[in-house]
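Colleague: Below is the file upload_29.pdb, with PDB, C-alpha atoms and all ligand atoms.
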ATOM      1  CA  MET A   1      -5.076  11.053  18.372  1.00  0.00           C
ATOM      2  CA  LYS A   2      -8.326  12.275  16.877  1.00  0.00           C
ATOM      3  CA  GLN A   3      -6.665  12.727  13.512  1.00  0.00           C
ATOM      4  CA  GLY A   4      -5.210   9.219  13.737  1.00  0.00           C
ATOM      5  CA  GLN A   5      -8.643   7.715  14.327  1.00  0.00           C
ATOM      6  CA  ALA A   6     -10.255   9.681  11.489  1.00  0.00           C
ATOM      7  CA  LYS A   7      -7.769   8.062   9.143  1.00  0.00           C
ATOM      8  CA  HIS A   8      -9.392   4.689   9.951  1.00  0.00           C
ATOM      9  CA  LYS A   9     -12.850   5.706   8.719  1.00  0.00           C
ATOM     10  CA  ILE A  10     -12.641   3.261   5.808  1.00  0.00           C
ATOM     11  CA  CYS A  11     -11.614   0.463   8.226  1.00  0.00           C
ATOM     12  CA  ARG A  12     -14.830   0.943  10.219  1.00  0.00           C
ATOM     13  CA  ARG A  13     -16.780   0.675   6.992  1.00  0.00           C
ATOM     14  CA  ILE A  14     -15.174  -2.585   5.825  1.00  0.00           C
ATOM     15  CA  GLY A  15     -14.769  -4.098   9.308  1.00  0.00           C
ATOM     16  CA  TYR A  16     -10.985  -4.607   9.318  1.00  0.00           C
ATOM     17  CA  CYS A  17      -7.914  -2.406   9.159  1.00  0.00           C
ATOM     18  CA  ILE A  18      -6.851  -1.546   5.609  1.00  0.00           C
ATOM     19  CA  TRP A  19      -3.210  -1.218   6.829  1.00  0.00           C
ATOM     20  CA  ASN A  20      -3.220  -4.008   9.467  1.00  0.00           C
ATOM     21  CA  MET A  21      -2.437  -1.422  12.124  1.00  0.00           C
ATOM     22  CA  PRO A  22      -2.775  -2.515  15.763  1.00  0.00           C
ATOM     23  CA  ASN A  23      -4.172   0.874  16.886  1.00  0.00           C
ATOM     24  CA  CYS A  24      -7.142   0.687  14.504  1.00  0.00           C
ATOM     25  CA  PRO A  25     -10.585   0.989  16.145  1.00  0.00           C
ATOM     26  CA  THR A  26     -11.657  -2.203  14.342  1.00  0.00           C
ATOM     27  CA  VAL A  27      -8.923  -4.048  16.236  1.00  0.00           C
ATOM     28  CA  LYS A  28      -9.768  -2.566  19.646  1.00  0.00           C
ATOM     29  CA  GLY A  29     -13.436  -3.515  19.406  1.00  0.00           C
ATOM     30  CA  ARG A  30     -12.645  -6.830  17.785  1.00  0.00           C
ATOM     31  CA  ALA A  31     -14.837  -9.129  19.922  1.00  0.00           C
ATOM     32  CA  ARG A  32     -17.918  -6.970  19.499  1.00  0.00           C
ATOM     33  CA  THR A  33     -17.303  -6.019  15.893  1.00  0.00           C
ATOM     34  CA  TYR A  34     -16.750  -9.638  14.992  1.00  0.00           C
ATOM     35  CA  ALA A  35     -19.893 -10.980  16.699  1.00  0.00           C
ATOM     36  CA  ALA A  36     -22.101  -8.468  14.959  1.00  0.00           C
ATOM     37  CA  GLY A  37     -19.667  -8.422  12.077  1.00  0.00           C
ATOM     38  CA  LEU A  38     -20.277 -11.361   9.775  1.00  0.00           C
ATOM     39  CA  GLN A  39     -23.996 -10.926   9.556  1.00  0.00           C
ATOM     40  CA  GLY A  40     -23.791  -7.186   9.579  1.00  0.00           C
ATOM     41  CA  LYS A  41     -21.110  -7.123   6.916  1.00  0.00           C
ATOM     42  CA  ASN A  42     -23.037  -9.418   4.568  1.00  0.00           C
ATOM     43  CA  ALA A  43     -26.242  -7.469   5.055  1.00  0.00           C
ATOM     44  CA  HIS A  44     -24.321  -4.308   4.292  1.00  0.00           C
ATOM     45  CA  ARG A  45     -22.714  -5.882   1.229  1.00  0.00           C
ATOM     46  CA  LYS A  46     -26.054  -6.903  -0.258  1.00  0.00           C
ATOM     47  CA  LYS A  47     -27.218  -3.336  -0.110  1.00  0.00           C
ATOM     48  CA  LEU A  48     -24.313  -2.104  -2.195  1.00  0.00           C
ATOM     49  CA  THR A  49     -25.102  -1.437  -5.832  1.00  0.00           C
ATOM     50  CA  ALA A  50     -22.640  -2.441  -8.546  1.00  0.00           C
ATOM     51  CA  TYR A  51     -21.470   1.154  -8.499  1.00  0.00           C
ATOM     52  CA  GLY A  52     -21.116   1.023  -4.707  1.00  0.00           C
ATOM     53  CA  GLU A  53     -18.943  -2.099  -5.017  1.00  0.00           C
ATOM     54  CA  MET A  54     -16.641  -0.456  -7.567  1.00  0.00           C
ATOM     55  CA  MET A  55     -16.457   2.696  -5.481  1.00  0.00           C
ATOM     56  CA  LEU A  56     -15.618   0.790  -2.286  1.00  0.00           C
ATOM     57  CA  GLU A  57     -12.793  -1.195  -3.916  1.00  0.00           C
ATOM     58  CA  LYS A  58     -11.430   2.031  -5.423  1.00  0.00           C
ATOM     59  CA  GLN A  59     -11.498   3.703  -1.995  1.00  0.00           C
ATOM     60  CA  LYS A  60      -9.809   0.668  -0.385  1.00  0.00           C
ATOM     61  CA  LEU A  61      -7.008   0.777  -2.936  1.00  0.00           C
ATOM     62  CA  ARG A  62      -6.561   4.540  -2.529  1.00  0.00           C
ATOM     63  CA  ALA A  63      -6.515   4.267   1.265  1.00  0.00           C
ATOM     64  CA  HIS A  64      -4.094   1.340   1.502  1.00  0.00           C
ATOM     65  CA  TYR A  65      -1.444   3.107  -0.585  1.00  0.00           C
ATOM     66  CA  ALA A  66      -2.515   6.596   0.610  1.00  0.00           C
ATOM     67  CA  LEU A  67      -2.881   7.823  -2.980  1.00  0.00           C
ATOM     68  CA  THR A  68      -4.723  10.918  -4.128  1.00  0.00           C
ATOM     69  CA  GLU A  69      -7.582  10.459  -6.555  1.00  0.00           C
ATOM     70  CA  SER A  70      -5.495  11.864  -9.399  1.00  0.00           C
ATOM     71  CA  GLN A  71      -2.544   9.569  -8.596  1.00  0.00           C
ATOM     72  CA  LEU A  72      -4.766   6.483  -8.713  1.00  0.00           C
ATOM     73  CA  ARG A  73      -6.486   7.650 -11.879  1.00  0.00           C
ATOM     74  CA  ALA A  74      -3.082   8.251 -13.474  1.00  0.00           C
ATOM     75  CA  ALA A  75      -2.056   4.665 -12.632  1.00  0.00           C
ATOM     76  CA  TYR A  76      -5.220   3.394 -14.322  1.00  0.00           C
ATOM     77  CA  LEU A  77      -4.710   5.606 -17.401  1.00  0.00           C
ATOM     78  CA  TYR A  78      -1.110   4.397 -17.653  1.00  0.00           C
ATOM     79  CA  ALA A  79      -2.222   0.750 -17.459  1.00  0.00           C
ATOM     80  CA  LYS A  80      -4.910   1.250 -20.084  1.00  0.00           C
ATOM     81  CA  ARG A  81      -2.292   2.381 -22.603  1.00  0.00           C
ATOM     82  CA  ILE A  82      -0.124  -0.722 -22.092  1.00  0.00           C
ATOM     83  CA  GLU A  83      -0.890  -4.063 -23.695  1.00  0.00           C
ATOM     84  CA  GLY A  84      -1.903  -6.715 -21.153  1.00  0.00           C
ATOM     85  CA  LYS A  85      -4.290  -7.051 -18.229  1.00  0.00           C
ATOM     86  CA  THR A  86      -5.176  -3.512 -17.219  1.00  0.00           C
ATOM     87  CA  ASN A  87      -5.833  -4.395 -13.560  1.00  0.00           C
ATOM     88  CA  GLU A  88      -2.508  -6.208 -13.204  1.00  0.00           C
ATOM     89  CA  ILE A  89      -0.511  -3.434 -14.880  1.00  0.00           C
ATOM     90  CA  MET A  90      -2.269  -0.850 -12.711  1.00  0.00           C
ATOM     91  CA  MET A  91      -1.435  -2.816  -9.541  1.00  0.00           C
ATOM     92  CA  GLN A  92       2.198  -3.214 -10.654  1.00  0.00           C
ATOM     93  CA  ARG A  93       2.410   0.504 -11.320  1.00  0.00           C
ATOM     94  CA  ILE A  94       1.167   1.270  -7.791  1.00  0.00           C
ATOM     95  CA  GLU A  95       3.185  -1.441  -6.032  1.00  0.00           C
ATOM     96  CA  THR A  96       6.451  -0.311  -7.669  1.00  0.00           C
ATOM     97  CA  ARG A  97       6.112   3.282  -6.458  1.00  0.00           C
ATOM     98  CA  LEU A  98       9.051   4.075  -4.186  1.00  0.00           C
ATOM     99  CA  ASP A  99       6.836   4.698  -1.129  1.00  0.00           C
ATOM    100  CA  SER A 100       4.907   1.425  -1.675  1.00  0.00           C
ATOM    101  CA  ILE A 101       8.159  -0.531  -1.826  1.00  0.00           C
ATOM    102  CA  VAL A 102       9.579   1.035   1.336  1.00  0.00           C
ATOM    103  CA  TYR A 103       6.297   0.083   3.053  1.00  0.00           C
ATOM    104  CA  HIS A 104       5.680  -3.431   1.672  1.00  0.00           C
ATOM    105  CA  ALA A 105       9.323  -4.517   1.846  1.00  0.00           C
ATOM    106  CA  GLY A 106       9.191  -3.715   5.570  1.00  0.00           C
ATOM    107  CA  PHE A 107      11.403  -0.616   5.884  1.00  0.00           C
ATOM    108  CA  ALA A 108       8.613   1.576   7.295  1.00  0.00           C
ATOM    109  CA  PRO A 109       5.850   0.670   9.773  1.00  0.00           C
ATOM    110  CA  THR A 110       3.140   2.427   7.740  1.00  0.00           C
ATOM    111  CA  ILE A 111       2.633   3.840   4.239  1.00  0.00           C
ATOM    112  CA  PHE A 112       2.547   7.283   5.850  1.00  0.00           C
ATOM    113  CA  ALA A 113       5.954   6.769   7.432  1.00  0.00           C
ATOM    114  CA  ALA A 114       7.246   5.465   4.095  1.00  0.00           C
ATOM    115  CA  LYS A 115       6.130   8.640   2.307  1.00  0.00           C
ATOM    116  CA  GLN A 116       7.849  10.734   4.973  1.00  0.00           C
ATOM    117  CA  PHE A 117      11.113   8.765   4.767  1.00  0.00           C
ATOM    118  CA  VAL A 118      11.159   9.449   1.025  1.00  0.00           C
ATOM    119  CA  SER A 119      10.207  13.143   1.150  1.00  0.00           C
ATOM    120  CA  HIS A 120      12.687  13.765   3.990  1.00  0.00           C
ATOM    121  CA  ARG A 121      15.470  12.406   1.752  1.00  0.00           C
ATOM    122  CA  HIS A 122      16.324   9.241   3.676  1.00  0.00           C
ATOM    123  CA  ILE A 123      15.777   6.823   0.769  1.00  0.00           C
ATOM    124  CA  LEU A 124      18.287   6.063  -1.978  1.00  0.00           C
ATOM    125  CA  VAL A 125      17.718   4.369  -5.322  1.00  0.00           C
ATOM    126  CA  ASP A 126      20.880   2.860  -6.811  1.00  0.00           C
ATOM    127  CA  GLY A 127      22.889   4.965  -4.375  1.00  0.00           C
ATOM    128  CA  LYS A 128      21.254   8.318  -5.136  1.00  0.00           C
ATOM    129  CA  ILE A 129      18.697  10.162  -2.991  1.00  0.00           C
ATOM    130  CA  VAL A 130      15.206  10.108  -4.499  1.00  0.00           C
ATOM    131  CA  ASP A 131      12.699  12.301  -2.637  1.00  0.00           C
ATOM    132  CA  ARG A 132       9.680  11.678  -4.886  1.00  0.00           C
ATOM    133  CA  ALA A 133       7.289   9.062  -3.435  1.00  0.00           C
ATOM    134  CA  SER A 134       5.739   8.439  -6.870  1.00  0.00           C
ATOM    135  CA  TYR A 135       9.114   7.451  -8.395  1.00  0.00           C
ATOM    136  CA  ILE A 136       8.615   4.136 -10.237  1.00  0.00           C
ATOM    137  CA  VAL A 137      11.253   1.527  -9.376  1.00  0.00           C
ATOM    138  CA  LYS A 138      12.288  -0.900 -12.102  1.00  0.00           C
ATOM    139  CA  PRO A 139      13.265  -4.540 -11.591  1.00  0.00           C
ATOM    140  CA  GLY A 140      16.971  -4.732 -10.764  1.00  0.00           C
ATOM    141  CA  GLN A 141      17.091  -1.389  -8.961  1.00  0.00           C
ATOM    142  CA  VAL A 142      18.243  -1.282  -5.336  1.00  0.00           C
ATOM    143  CA  ILE A 143      16.646   0.862  -2.642  1.00  0.00           C
ATOM    144  CA  SER A 144      18.628   1.598   0.489  1.00  0.00           C
ATOM    145  CA  ILE A 145      18.954   3.654   3.645  1.00  0.00           C
ATOM    146  CA  ASN A 146      22.316   5.117   4.666  1.00  0.00           C
ATOM    147  CA  ALA A 147      22.517   4.144   8.353  1.00  0.00           C
ATOM    148  CA  GLU A 148      25.283   6.683   9.044  1.00  0.00           C
ATOM    149  CA  LYS A 149      23.382   9.612   7.580  1.00  0.00           C
ATOM    150  CA  SER A 150      19.934   8.481   8.763  1.00  0.00           C
ATOM    151  CA  PRO A 151      20.531   6.581  12.016  1.00  0.00           C
ATOM    152  CA  LYS A 152      17.006   7.053  13.430  1.00  0.00           C
ATOM    153  CA  ILE A 153      15.327   5.958  10.204  1.00  0.00           C
ATOM    154  CA  ALA A 154      17.679   2.970   9.994  1.00  0.00           C
ATOM    155  CA  GLU A 155      16.663   1.983  13.513  1.00  0.00           C
ATOM    156  CA  ILE A 156      12.952   2.212  12.678  1.00  0.00           C
ATOM    157  CA  ALA A 157      13.428   0.227   9.455  1.00  0.00           C
ATOM    158  CA  LYS A 158      15.278  -2.554  11.256  1.00  0.00           C
ATOM    159  CA  ALA A 159      12.528  -2.804  13.888  1.00  0.00           C
ATOM    160  CA  VAL A 160       9.735  -3.476  11.346  1.00  0.00           C
ATOM    161  CA  THR A 161       8.891  -7.172  11.461  1.00  0.00           C
ATOM    162  CA  ALA A 162       6.550  -7.470   8.453  1.00  0.00           C
ATOM    163  CA  GLU A 163       7.577 -10.194   6.024  1.00  0.00           C
ATOM    164  CA  ALA A 164       8.433  -9.016   2.510  1.00  0.00           C
ATOM    165  CA  PRO A 165       6.855 -10.648  -0.562  1.00  0.00           C
ATOM    166  CA  ALA A 166       9.116 -12.754  -2.808  1.00  0.00           C
ATOM    167  CA  TYR A 167       9.544 -10.121  -5.539  1.00  0.00           C
ATOM    168  CA  PHE A 168      11.785  -8.252  -3.108  1.00  0.00           C
ATOM    169  CA  GLU A 169      15.255  -9.343  -2.052  1.00  0.00           C
ATOM    170  CA  VAL A 170      15.623  -7.755   1.374  1.00  0.00           C
ATOM    171  CA  ASP A 171      18.841  -7.346   3.345  1.00  0.00           C
ATOM    172  CA  LYS A 172      17.839  -5.923   6.719  1.00  0.00           C
ATOM    173  CA  GLU A 173      21.431  -5.734   7.984  1.00  0.00           C
ATOM    174  CA  GLN A 174      22.665  -3.667   5.033  1.00  0.00           C
ATOM    175  CA  LEU A 175      19.245  -1.963   4.708  1.00  0.00           C
ATOM    176  CA  LYS A 176      18.903  -2.834   1.045  1.00  0.00           C
ATOM    177  CA  ILE A 177      15.869  -3.834  -1.008  1.00  0.00           C
ATOM    178  CA  LYS A 178      16.206  -5.141  -4.541  1.00  0.00           C
ATOM    179  CA  LEU A 179      13.115  -5.281  -6.719  1.00  0.00           C
ATOM    180  CA  VAL A 180      13.646  -8.689  -8.315  1.00  0.00           C
ATOM    181  CA  SER A 181      10.682  -8.746 -10.683  1.00  0.00           C
ATOM    182  CA  LEU A 182       7.340  -7.092 -11.308  1.00  0.00           C
ATOM    183  CA  PRO A 183       4.808  -8.450  -8.808  1.00  0.00           C
ATOM    184  CA  THR A 184       1.865 -10.607  -9.831  1.00  0.00           C
ATOM    185  CA  ILE A 185      -1.456  -9.530  -8.300  1.00  0.00           C
ATOM    186  CA  ASP A 186      -1.619 -12.614  -6.078  1.00  0.00           C
ATOM    187  CA  ALA A 187       1.796 -11.917  -4.593  1.00  0.00           C
ATOM    188  CA  ILE A 188       0.970  -8.372  -3.468  1.00  0.00           C
ATOM    189  CA  PRO A 189       0.258  -8.412   0.285  1.00  0.00           C
ATOM    190  CA  PHE A 190      -2.979  -6.458   0.020  1.00  0.00           C
ATOM    191  CA  SER A 191      -6.315  -7.835  -1.061  1.00  0.00           C
ATOM    192  CA  VAL A 192      -8.466  -5.686  -3.331  1.00  0.00           C
ATOM    193  CA  GLU A 193     -10.795  -6.430  -6.251  1.00  0.00           C
ATOM    194  CA  SER A 194      -8.652  -4.560  -8.757  1.00  0.00           C
ATOM    195  CA  MET A 195     -11.022  -5.459 -11.624  1.00  0.00           C
ATOM    196  CA  ARG A 196     -13.731  -3.420  -9.869  1.00  0.00           C
ATOM    197  CA  VAL A 197     -11.350  -0.469  -9.714  1.00  0.00           C
ATOM    198  CA  VAL A 198     -10.678  -0.717 -13.448  1.00  0.00           C
ATOM    199  CA  GLU A 199     -14.426  -0.899 -14.073  1.00  0.00           C
ATOM    200  CA  TYR A 200     -14.913   2.178 -11.924  1.00  0.00           C
ATOM    201  CA  TYR A 201     -12.519   4.243 -14.030  1.00  0.00           C
ATOM    202  CA  ALA A 202     -13.734   2.735 -17.324  1.00  0.00           C
ATOM    203  CA  ARG A 203     -17.334   3.807 -16.732  1.00  0.00           C
TER     204      ARG A 203
HETATM  205 ZN    ZN B 301      -7.510   0.893  10.371  1.00  0.00          ZN
END
Output the structure of this file as structure tokens.
Modeller:
Amino acid sequence: MKQGQAKHKICRRIGYCIWNMPNCPTVKGRARTYAAGLQGKNAHRKKLTAYGEMMLEKQKLRAHYALTESQLRAAYLYAKRIEGKTNEIMMQRIETRLDSIVYHAGFAPTIFAAKQFVSHRHILVDGKIVDRASYIVKPGQVISINAEKSPKIAEIAKAVTAEAPAYFEVDKEQLKIKLVSLPTIDAIPFSVESMRVVEYYAR
């Protein structure tokens, strides 16, 4: 329990849950947090330096996808090498990780569960087990869960009610997710100032 609450440290700082989890302390104390919240939040925001802003957005992004510092930095460095908008390419790189897809397509209740499903060998890509959460899925590839071999995981996946963004084709009955196309930033169901994150790493 204590460990679970510590995870939500960043939520307390920003005033809402970074993963939309119902057990977050920001949700429990909603009435109070909200009343003091708007004013308090703005006052807090004003105090942040430009560096503080970049740092906060970077921490939000890391927390939402539960990435290590080196994983996030690697996504930025990858994006920098590719022609195009660095922030968009970085976000696509993160959103097409296997664990991110299992989470955002609604096959796991949390990013942490998604990582566990992958590392415990319950997730298939084009019919083959992939146990690396950082595996990058390409448009056209199909992610699935074998309900016969992983009945408990299949049950959990079917119970998740989150709606999947349009770049996924989701078949909950067959437990299949197809990545249709690379996501645009606006379509990703998580709000972060990705430009600030790029600026943070470009310093
Ligand atoms: Zn939270």
Colleague: Within 7 Å of ligand ZN 301 (chain B), counting only C-alpha atoms and all ligand atoms, which protein or nucleic acid residues do you find, written as a list in words?
Modeller: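 So the residues close to ligand ZN 301 (chain B) are His8, Cys11, Tyr16, Cys17, Ile18, Trp19, Asn20, Met21, Cys24, Pro25 and Thr26 of chain A.
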Colleague: List, as a PyMOL selection string, every residue that the PyMOL selection byres (((chain A and resi 142) around 9) and not hetatm) selects in the file provided.
Modeller: chain A and resi 124-127+137+139-141+143-144+176-179
Colleague: Mind checking which residues fall within 10 Å of Ser191 of chain A, counting all atoms listed in the file, ignoring those fewer than 6 positions away in the same chain, and posting them as a PyMOL selection string?
Modeller: chain A and resi 18+57+60-61+64+185
Colleague: If you take every atom of segment 166-180 of chain A that the file lists and fit an axis-aligned box around them with 6 Å extra on each side, what centre and edge lengths come out in Å to one decimal, as JSON?
Modeller:
{"center_x": 15.9, "center_y": -7.4, "center_z": -0.2, "size_x": 25.5, "size_y": 22.8, "size_z": 28.3}
Colleague: Rank nothing, just name the residue among A:Ile111, A:Leu175, A:Val102, A:Leu48 nearest to Leu67 of chain A, using all atoms listed in the file.
Modeller: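 Looking at the shortest contact to Leu67 of chain A, the residue is A:Ile111.
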Colleague: So which residues get picked by the PyMOL selection byres (((chain A and resi 119-122) around 8) and not hetatm) here, written as JSON, numbers by chain?
Modeller: {"A": [115, 116, 117, 118, 123, 124, 129, 130, 131, 132, 133, 145, 146, 150, 153]}
Colleague: Of the candidates A:Leu56, A:Ile10, A:Val197, A:Ala66, which shows the shortest atom-to-atom distance to Thr110 of chain A, using all atoms listed in the file?
Modeller: A:Ala66
Colleague: Atoms are missing here; could segment 144-171 of chain A be completed with N, CA and C atoms and written as a PDB file, in the frame of the given file?
Modeller:
ATOM      1  N   SER A 144      17.884   1.758  -0.758  1.00  0.00           N
ATOM      2  CA  SER A 144      18.628   1.598   0.489  1.00  0.00           C
ATOM      3  C   SER A 144      18.485   2.794   1.410  1.00  0.00           C
ATOM      4  N   ILE A 145      18.896   2.585   2.647  1.00  0.00           N
ATOM      5  CA  ILE A 145      18.954   3.654   3.645  1.00  0.00           C
ATOM      6  C   ILE A 145      20.404   3.719   4.109  1.00  0.00           C
ATOM      7  N   ASN A 146      20.958   4.939   4.166  1.00  0.00           N
ATOM      8  CA  ASN A 146      22.316   5.117   4.666  1.00  0.00           C
ATOM      9  C   ASN A 146      22.248   5.255   6.191  1.00  0.00           C
ATOM     10  N   ALA A 147      22.663   4.191   6.891  1.00  0.00           N
ATOM     11  CA  ALA A 147      22.517   4.144   8.353  1.00  0.00           C
ATOM     12  C   ALA A 147      23.355   5.212   9.051  1.00  0.00           C
ATOM     13  N   GLU A 148      24.438   5.650   8.421  1.00  0.00           N
ATOM     14  CA  GLU A 148      25.283   6.683   9.044  1.00  0.00           C
ATOM     15  C   GLU A 148      24.623   8.052   8.944  1.00  0.00           C
ATOM     16  N   LYS A 149      24.026   8.300   7.778  1.00  0.00           N
ATOM     17  CA  LYS A 149      23.382   9.612   7.580  1.00  0.00           C
ATOM     18  C   LYS A 149      21.970   9.668   8.164  1.00  0.00           C
ATOM     19  N   SER A 150      21.308   8.527   8.246  1.00  0.00           N
ATOM     20  CA  SER A 150      19.934   8.481   8.763  1.00  0.00           C
ATOM     21  C   SER A 150      19.812   7.423   9.865  1.00  0.00           C
ATOM     22  N   PRO A 151      20.509   7.628  10.982  1.00  0.00           N
ATOM     23  CA  PRO A 151      20.531   6.581  12.016  1.00  0.00           C
ATOM     24  C   PRO A 151      19.162   6.265  12.617  1.00  0.00           C
ATOM     25  N   LYS A 152      18.331   7.301  12.821  1.00  0.00           N
ATOM     26  CA  LYS A 152      17.006   7.053  13.430  1.00  0.00           C
ATOM     27  C   LYS A 152      16.112   6.266  12.486  1.00  0.00           C
ATOM     28  N   ILE A 153      16.154   6.635  11.204  1.00  0.00           N
ATOM     29  CA  ILE A 153      15.327   5.958  10.204  1.00  0.00           C
ATOM     30  C   ILE A 153      15.795   4.505  10.062  1.00  0.00           C
ATOM     31  N   ALA A 154      17.112   4.327  10.097  1.00  0.00           N
ATOM     32  CA  ALA A 154      17.679   2.970   9.994  1.00  0.00           C
ATOM     33  C   ALA A 154      17.183   2.105  11.149  1.00  0.00           C
ATOM     34  N   GLU A 155      17.121   2.706  12.322  1.00  0.00           N
ATOM     35  CA  GLU A 155      16.663   1.983  13.513  1.00  0.00           C
ATOM     36  C   GLU A 155      15.196   1.569  13.359  1.00  0.00           C
ATOM     37  N   ILE A 156      14.380   2.498  12.881  1.00  0.00           N
ATOM     38  CA  ILE A 156      12.952   2.212  12.678  1.00  0.00           C
ATOM     39  C   ILE A 156      12.785   1.096  11.639  1.00  0.00           C
ATOM     40  N   ALA A 157      13.534   1.213  10.538  1.00  0.00           N
ATOM     41  CA  ALA A 157      13.428   0.227   9.455  1.00  0.00           C
ATOM     42  C   ALA A 157      13.796  -1.173   9.951  1.00  0.00           C
ATOM     43  N   LYS A 158      14.837  -1.243  10.760  1.00  0.00           N
ATOM     44  CA  LYS A 158      15.278  -2.554  11.256  1.00  0.00           C
ATOM     45  C   LYS A 158      14.282  -3.168  12.226  1.00  0.00           C
ATOM     46  N   ALA A 159      13.484  -2.314  12.887  1.00  0.00           N
ATOM     47  CA  ALA A 159      12.528  -2.804  13.888  1.00  0.00           C
ATOM     48  C   ALA A 159      11.225  -3.320  13.270  1.00  0.00           C
ATOM     49  N   VAL A 160      10.977  -3.010  11.987  1.00  0.00           N
ATOM     50  CA  VAL A 160       9.735  -3.476  11.346  1.00  0.00           C
ATOM     51  C   VAL A 160       9.842  -4.984  11.118  1.00  0.00           C
ATOM     52  N   THR A 161       8.807  -5.713  11.533  1.00  0.00           N
ATOM     53  CA  THR A 161       8.891  -7.172  11.461  1.00  0.00           C
ATOM     54  C   THR A 161       8.113  -7.778  10.288  1.00  0.00           C
ATOM     55  N   ALA A 162       7.370  -6.944   9.552  1.00  0.00           N
ATOM     56  CA  ALA A 162       6.550  -7.470   8.453  1.00  0.00           C
ATOM     57  C   ALA A 162       7.400  -8.261   7.452  1.00  0.00           C
ATOM     58  N   GLU A 163       6.846  -9.361   6.975  1.00  0.00           N
ATOM     59  CA  GLU A 163       7.577 -10.194   6.024  1.00  0.00           C
ATOM     60  C   GLU A 163       7.399  -9.648   4.604  1.00  0.00           C
ATOM     61  N   ALA A 164       8.485  -9.582   3.860  1.00  0.00           N
ATOM     62  CA  ALA A 164       8.433  -9.016   2.510  1.00  0.00           C
ATOM     63  C   ALA A 164       8.012 -10.078   1.503  1.00  0.00           C
ATOM     64  N   PRO A 165       7.205  -9.701   0.500  1.00  0.00           N
ATOM     65  CA  PRO A 165       6.855 -10.648  -0.562  1.00  0.00           C
ATOM     66  C   PRO A 165       8.089 -11.032  -1.394  1.00  0.00           C
ATOM     67  N   ALA A 166       7.953 -12.140  -2.149  1.00  0.00           N
ATOM     68  CA  ALA A 166       9.116 -12.754  -2.808  1.00  0.00           C
ATOM     69  C   ALA A 166       9.707 -11.934  -3.952  1.00  0.00           C
ATOM     70  N   TYR A 167       8.970 -10.936  -4.453  1.00  0.00           N
ATOM     71  CA  TYR A 167       9.544 -10.121  -5.539  1.00  0.00           C
ATOM     72  C   TYR A 167      10.535  -9.091  -5.007  1.00  0.00           C
ATOM     73  N   PHE A 168      10.736  -9.083  -3.698  1.00  0.00           N
ATOM     74  CA  PHE A 168      11.785  -8.252  -3.108  1.00  0.00           C
ATOM     75  C   PHE A 168      12.882  -9.145  -2.558  1.00  0.00           C
ATOM     76  N   GLU A 169      14.137  -8.700  -2.729  1.00  0.00           N
ATOM     77  CA  GLU A 169      15.255  -9.343  -2.052  1.00  0.00           C
ATOM     78  C   GLU A 169      15.659  -8.352  -0.969  1.00  0.00           C
ATOM     79  N   VAL A 170      15.421  -8.716   0.291  1.00  0.00           N
ATOM     80  CA  VAL A 170      15.623  -7.755   1.374  1.00  0.00           C
ATOM     81  C   VAL A 170      16.822  -8.142   2.231  1.00  0.00           C
ATOM     82  N   ASP A 171      17.711  -7.164   2.432  1.00  0.00           N
ATOM     83  CA  ASP A 171      18.841  -7.346   3.345  1.00  0.00           C
ATOM     84  C   ASP A 171      18.667  -6.337   4.474  1.00  0.00           C
TER      85      ASP A 171
END
